[in-house]
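Undergrad: Following this line is start.tsv, made up of TSV, N, CA and C atoms:
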chain	number	residue	atom	x	y	z
A	1	MET	N	0.85	-1.18	0.00
A	1	MET	CA	0.00	0.00	0.00
A	1	MET	C	0.90	1.25	0.00
A	2	PRO	N	0.94	1.98	-1.10
A	2	PRO	CA	1.79	3.16	-1.17
A	2	PRO	C	1.26	4.29	-0.29
A	3	LEU	N	2.19	5.07	0.23
A	3	LEU	CA	1.81	6.22	1.05
A	3	LEU	C	1.23	7.32	0.17
A	4	LEU	N	0.34	8.10	0.76
A	4	LEU	CA	-0.17	9.29	0.10
A	4	LEU	C	0.96	10.32	0.04
A	5	PRO	N	0.82	11.37	-0.75
A	5	PRO	CA	1.87	12.39	-0.83
A	5	PRO	C	2.23	12.93	0.56
A	6	SER	N	3.50	13.31	0.70
A	6	SER	CA	4.00	13.75	2.01
A	6	SER	C	3.35	15.03	2.49
A	7	ASP	N	2.74	15.81	1.60
A	7	ASP	CA	2.08	17.04	2.04
A	7	ASP	C	0.62	16.83	2.42
A	8	THR	N	0.18	15.56	2.41
A	8	THR	CA	-1.18	15.21	2.79
A	8	THR	C	-1.28	15.11	4.31
A	9	PRO	N	-2.32	15.68	4.93
A	9	PRO	CA	-2.48	15.56	6.38
A	9	PRO	C	-2.54	14.09	6.80
A	10	LEU	N	-2.01	13.82	7.98
A	10	LEU	CA	-2.00	12.44	8.47
A	10	LEU	C	-3.39	11.85	8.59
A	11	TYR	N	-4.40	12.67	8.89
A	11	TYR	CA	-5.75	12.10	9.05
A	11	TYR	C	-6.31	11.54	7.75
A	12	ASN	N	-5.69	11.85	6.61
A	12	ASN	CA	-6.13	11.28	5.33
A	12	ASN	C	-5.47	9.93	5.03
A	13	HIS	N	-4.46	9.56	5.82
A	13	HIS	CA	-3.77	8.29	5.64
A	13	HIS	C	-4.50	7.21	6.44
A	14	PRO	N	-4.81	6.07	5.84
A	14	PRO	CA	-5.40	4.97	6.62
A	14	PRO	C	-4.38	4.46	7.64
A	15	LEU	N	-4.86	3.89	8.72
A	15	LEU	CA	-3.99	3.41	9.79
A	15	LEU	C	-2.88	2.48	9.29
A	16	PRO	N	-3.17	1.52	8.39
A	16	PRO	CA	-2.07	0.66	7.92
A	16	PRO	C	-0.94	1.45	7.24
A	17	GLN	N	-1.28	2.55	6.57
A	17	GLN	CA	-0.25	3.39	5.96
A	17	GLN	C	0.57	4.12	7.02
A	18	ILE	N	-0.08	4.61	8.04
A	18	ILE	CA	0.63	5.29	9.13
A	18	ILE	C	1.56	4.31	9.84
A	19	GLU	N	1.07	3.10	10.08
A	19	GLU	CA	1.90	2.08	10.72
A	19	GLU	C	3.10	1.73	9.85
A	20	GLN	N	2.90	1.61	8.55
A	20	GLN	CA	4.02	1.32	7.65
A	20	GLN	C	5.02	2.47	7.62
A	21	TRP	N	4.52	3.69	7.63
A	21	TRP	CA	5.38	4.87	7.68
A	21	TRP	C	6.24	4.85	8.94
A	22	LEU	N	5.65	4.51	10.08
A	22	LEU	CA	6.42	4.43	11.32
A	22	LEU	C	7.49	3.34	11.22
A	23	LYS	N	7.14	2.20	10.65
A	23	LYS	CA	8.13	1.13	10.45
A	23	LYS	C	9.26	1.60	9.55
A	24	ASP	N	8.92	2.33	8.50
A	24	ASP	CA	9.93	2.85	7.58
A	24	ASP	C	10.87	3.83	8.27
A	25	GLN	N	10.39	4.48	9.33
A	25	GLN	CA	11.22	5.42	10.10
A	25	GLN	C	12.06	4.70	11.17
A	26	GLY	N	11.94	3.39	11.23
A	26	GLY	CA	12.72	2.61	12.19
A	26	GLY	C	12.02	2.40	13.51
A	27	CYS	N	10.73	2.69	13.58
A	27	CYS	CA	9.97	2.49	14.81
A	27	CYS	C	9.56	1.02	14.94
A	28	GLN	N	9.44	0.59	16.18
A	28	GLN	CA	8.96	-0.76	16.45
A	28	GLN	C	7.70	-0.68	17.30
A	29	GLN	N	6.70	-1.43	16.88
A	29	GLN	CA	5.41	-1.42	17.57
A	29	GLN	C	5.49	-2.26	18.83
A	30	ASP	N	4.91	-1.75	19.91
A	30	ASP	CA	4.83	-2.49	21.16
A	30	ASP	C	3.91	-3.69	20.97
A	31	GLU	N	4.32	-4.83	21.45
A	31	GLU	CA	3.54	-6.05	21.23
A	31	GLU	C	2.26	-6.12	22.05
A	32	THR	N	2.22	-5.46	23.19
A	32	THR	CA	1.04	-5.53	24.05
A	32	THR	C	0.14	-4.31	23.90
A	33	GLN	N	0.73	-3.15	23.69
A	33	GLN	CA	-0.04	-1.91	23.50
A	33	GLN	C	0.18	-1.46	22.06
A	34	ARG	N	-0.68	-1.90	21.16
A	34	ARG	CA	-0.48	-1.73	19.72
A	34	ARG	C	-0.46	-0.27	19.27
A	35	HIS	N	-0.96	0.64	20.08
A	35	HIS	CA	-0.93	2.06	19.71
A	35	HIS	C	0.39	2.72	20.09
A	36	CYS	N	1.27	1.99	20.77
A	36	CYS	CA	2.56	2.52	21.21
A	36	CYS	C	3.68	2.04	20.30
A	37	TRP	N	4.62	2.93	20.05
A	37	TRP	CA	5.77	2.64	19.19
A	37	TRP	C	7.03	3.14	19.88
A	38	HIS	N	8.15	2.52	19.55
A	38	HIS	CA	9.45	2.91	20.12
A	38	HIS	C	10.42	3.18	18.98
A	39	VAL	N	11.25	4.20	19.16
A	39	VAL	CA	12.27	4.52	18.16
A	39	VAL	C	13.56	4.85	18.89
A	40	GLN	N	14.66	4.37	18.33
A	40	GLN	CA	15.98	4.58	18.91
A	40	GLN	C	16.87	5.22	17.84
A	41	ARG	N	17.50	6.31	18.20
A	41	ARG	CA	18.47	6.98	17.34
A	41	ARG	C	19.79	7.04	18.11
A	42	PRO	N	20.89	7.34	17.44
A	42	PRO	CA	22.18	7.39	18.16
A	42	PRO	C	22.20	8.34	19.36
A	43	ASN	N	21.50	9.48	19.25
A	43	ASN	CA	21.56	10.48	20.32
A	43	ASN	C	20.30	10.58	21.16
A	44	TRP	N	19.28	9.84	20.84
A	44	TRP	CA	18.03	9.93	21.60
A	44	TRP	C	17.16	8.71	21.33
A	45	GLN	N	16.20	8.53	22.24
A	45	GLN	CA	15.18	7.50	22.05
A	45	GLN	C	13.84	8.09	22.45
A	46	ALA	N	12.78	7.53	21.86
A	46	ALA	CA	11.45	8.09	22.11
A	46	ALA	C	10.39	7.00	22.07
A	47	GLU	N	9.29	7.33	22.70
A	47	GLU	CA	8.08	6.52	22.65
A	47	GLU	C	7.01	7.36	21.96
A	48	LEU	N	6.26	6.75	21.06
A	48	LEU	CA	5.19	7.43	20.34
A	48	LEU	C	3.88	6.73	20.63
A	49	TRP	N	2.82	7.51	20.79
A	49	TRP	CA	1.47	6.96	20.99
A	49	TRP	C	0.58	7.50	19.89
A	50	LEU	N	-0.13	6.63	19.24
A	50	LEU	CA	-1.15	7.05	18.29
A	50	LEU	C	-2.43	7.27	19.08
A	51	ASP	N	-2.63	8.50	19.51
A	51	ASP	CA	-3.78	8.88	20.31
A	51	ASP	C	-4.96	9.16	19.38
A	52	VAL	N	-6.10	9.49	19.94
A	52	VAL	CA	-7.31	9.70	19.15
A	52	VAL	C	-7.17	10.90	18.21
A	53	GLU	N	-6.63	12.02	18.70
A	53	GLU	CA	-6.57	13.23	17.90
A	53	GLU	C	-5.17	13.69	17.55
A	54	GLN	N	-4.15	12.96	18.02
A	54	GLN	CA	-2.78	13.42	17.82
A	54	GLN	C	-1.78	12.29	18.05
A	55	ILE	N	-0.57	12.53	17.59
A	55	ILE	CA	0.54	11.65	17.92
A	55	ILE	C	1.27	12.29	19.09
A	56	VAL	N	1.48	11.54	20.13
A	56	VAL	CA	2.19	12.02	21.31
A	56	VAL	C	3.57	11.39	21.30
A	57	VAL	N	4.59	12.21	21.50
A	57	VAL	CA	5.98	11.73	21.48
A	57	VAL	C	6.62	12.08	22.82
A	58	ARG	N	7.25	11.09	23.42
A	58	ARG	CA	8.02	11.35	24.65
A	58	ARG	C	9.46	10.96	24.38
A	59	TYR	N	10.34	11.97	24.38
A	59	TYR	CA	11.76	11.75	24.23
A	59	TYR	C	12.31	11.39	25.60
A	60	VAL	N	12.82	10.20	25.73
A	60	VAL	CA	13.22	9.66	27.03
A	60	VAL	C	14.55	10.27	27.48
A	61	GLN	N	14.54	10.83	28.68
A	61	GLN	CA	15.71	11.42	29.34
A	61	GLN	C	16.47	12.37	28.43
A	62	SER	N	15.76	13.21	27.71
A	62	SER	CA	16.39	14.13	26.76
A	62	SER	C	16.39	15.58	27.22
A	63	GLY	N	15.71	15.85	28.31
A	63	GLY	CA	15.63	17.23	28.79
A	63	GLY	C	16.68	17.54	29.83
A	64	GLU	N	16.53	18.70	30.39
A	64	GLU	CA	17.41	19.15	31.45
A	64	GLU	C	17.35	18.18	32.63
A	65	ASN	N	18.47	17.84	33.18
A	65	ASN	CA	18.57	16.90	34.31
A	65	ASN	C	18.01	15.52	33.97
A	66	GLY	N	18.06	15.15	32.70
A	66	GLY	CA	17.61	13.83	32.29
A	66	GLY	C	16.11	13.62	32.31
A	67	GLN	N	15.36	14.71	32.32
A	67	GLN	CA	13.90	14.59	32.31
A	67	GLN	C	13.41	14.26	30.90
A	68	ASP	N	12.24	13.64	30.85
A	68	ASP	CA	11.61	13.35	29.56
A	68	ASP	C	11.03	14.64	28.98
A	69	ILE	N	11.01	14.71	27.65
A	69	ILE	CA	10.37	15.81	26.94
A	69	ILE	C	9.19	15.23	26.18
A	70	GLN	N	8.01	15.81	26.37
A	70	GLN	CA	6.83	15.30	25.69
A	70	GLN	C	6.25	16.37	24.78
A	71	ARG	N	5.92	15.94	23.55
A	71	ARG	CA	5.31	16.83	22.57
A	71	ARG	C	4.16	16.09	21.90
A	72	SER	N	3.24	16.85	21.34
A	72	SER	CA	2.14	16.21	20.61
A	72	SER	C	1.92	16.95	19.30
A	73	PHE	N	1.48	16.18	18.30
A	73	PHE	CA	1.30	16.71	16.95
A	73	PHE	C	-0.05	16.25	16.43
A	74	LYS	N	-0.87	17.20	16.03
A	74	LYS	CA	-2.21	16.90	15.52
A	74	LYS	C	-2.12	16.15	14.20
A	75	TYR	N	-3.10	15.30	13.95
A	75	TYR	CA	-3.17	14.57	12.69
A	75	TYR	C	-3.47	15.48	11.51
A	76	SER	N	-3.83	16.73	11.77
A	76	SER	CA	-4.09	17.68	10.68
A	76	SER	C	-2.79	18.17	10.04
A	77	LEU	N	-1.66	17.94	10.69
A	77	LEU	CA	-0.37	18.29	10.09
A	77	LEU	C	-0.04	17.31	8.97
A	78	SER	N	0.75	17.77	8.02
A	78	SER	CA	1.14	16.88	6.93
A	78	SER	C	2.10	15.81	7.46
A	79	ARG	N	2.15	14.71	6.74
A	79	ARG	CA	3.08	13.63	7.12
A	79	ARG	C	4.51	14.16	7.14
A	80	ASP	N	4.87	14.99	6.18
A	80	ASP	CA	6.22	15.54	6.13
A	80	ASP	C	6.51	16.43	7.34
A	81	ASP	N	5.55	17.26	7.73
A	81	ASP	CA	5.74	18.13	8.90
A	81	ASP	C	5.94	17.31	10.16
A	82	VAL	N	5.11	16.29	10.34
A	82	VAL	CA	5.23	15.45	11.53
A	82	VAL	C	6.55	14.69	11.50
A	83	GLU	N	6.91	14.17	10.35
A	83	GLU	CA	8.15	13.43	10.22
A	83	GLU	C	9.36	14.30	10.59
A	84	GLN	N	9.38	15.52	10.09
A	84	GLN	CA	10.50	16.41	10.39
A	84	GLN	C	10.51	16.82	11.86
A	85	ALA	N	9.35	17.05	12.43
A	85	ALA	CA	9.27	17.46	13.83
A	85	ALA	C	9.63	16.32	14.78
A	86	VAL	N	9.12	15.14	14.53
A	86	VAL	CA	9.33	14.02	15.43
A	86	VAL	C	10.73	13.43	15.29
A	87	PHE	N	11.15	13.17	14.06
A	87	PHE	CA	12.37	12.40	13.86
A	87	PHE	C	13.63	13.25	13.77
A	88	SER	N	13.48	14.55	13.94
A	88	SER	CA	14.68	15.39	14.08
A	88	SER	C	15.17	15.36	15.52
A	89	GLY	N	14.35	14.81	16.41
A	89	GLY	CA	14.74	14.63	17.81
A	89	GLY	C	14.30	15.78	18.68
A	90	PRO	N	14.68	15.67	19.96
A	90	PRO	CA	14.25	16.69	20.91
A	90	PRO	C	14.93	17.98	20.62
Take the structure from the file and write it as structure tokens.
TA:
Amino acid sequence: MPLLPSDTPLYNHPLPQIEQWLKDQGCQQDETQRHCWHVQRPNWQAELWLDVEQIVVRYVQSGENGQDIQRSFKYSLSRDDVEQAVFSGP
């Protein structure tokens, strides 16, 4: 199933396309909580939740004093915007 254009809002992508996009970004789906995903990069790691109205991202121990940083992105944003915001790191 090919992805829709990158400038298309995420809410226009069917769930299987969003899941494939996350896999293509190197994310791994949690086996027990299917809406949760994990991603590891050389300088950071994060947990993503596919919530009802937004994607929630928690960058683990990336803030001041090792605190987590949490951000959320509405599905009305384009796939490209979300990709650049989430996967560029904290």
Undergrad: Can you pull out the residues contacting range 19-34 of chain A? Cut-off 10 Å, using only C-alpha atoms, and skip same-chain residues under 6 positions away; I want them as a VMD selection string.
TA: chain A and resid 1 to 3 13 40 to 41 46 to 50 79 83 87
Undergrad: If you run DSSP on this backbone, which residues of range 36-87 of chain A come out as strand (DSSP E or B), and could you give them as a count of residues only?
TA: 24
Undergrad: List the neighbours of Ser76 in chain A out to 7 Å using only N, CA and C atoms; skip same-chain residues closer than 4 positions along the sequence, and give me the result as a list in words.
TA: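 My list of contacting residues is Thr8, Pro9, Leu10, Tyr11, Glu53 and Gln54 of chain A.
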Undergrad: Which residue is closest to Gln84 in chain A? Choose from A:Asp51, A:Gln70, A:Ser6, A:His35 and count only C-alpha atoms.
TA: A:Ser6
Undergrad: Could you work out an axis-aligned box for range 59-74 of chain A, taking every atom the file lists and adding 5 Å on each side, and report centre and edge lengths in Å to one decimal, as lines of an AutoDock Vina configuration file?
TA:
center_x = 8.2
center_y = 14.4
center_z = 24.3
size_x = 30.8
size_y = 19.5
size_z = 30.1
Undergrad: CA of Ile69 in chain A and CA of Trp37 in chain A are how many Å apart?
TA: 16.0 Å
Undergrad: With only C-alpha atoms as the basis for distance, which of A:Leu4, A:Pro90, A:Leu15, A:Cys36 is at the shortest distance from Asp68 in chain A?
TA: A:Pro90
Undergrad: Could you tell me how far CA of Asn12 in chain A sits from CA of Val60 in chain A, in Å to one decimal place?
TA: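 According to the coordinates, CA of Val60 in chain A and CA of Asn12 in chain A are separated by 29.1 Å.
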Undergrad: Can you tell me how far CA of Leu77 in chain A sits from atom N of Ile18 in chain A, in Å to one decimal?
TA: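 Atom N of Ile18 in chain A lies 13.8 Å from CA of Leu77 in chain A.
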Undergrad: Between A:Gln17, A:Val56, A:Pro5, A:Gln45, which one has atoms that come closest to Ser78 in chain A, using only N, CA and C atoms?
TA: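 Of A:Gln17, A:Val56, A:Pro5, A:Gln45, the one nearest Ser78 in chain A is A:Pro5, counting only N, CA and C atoms.
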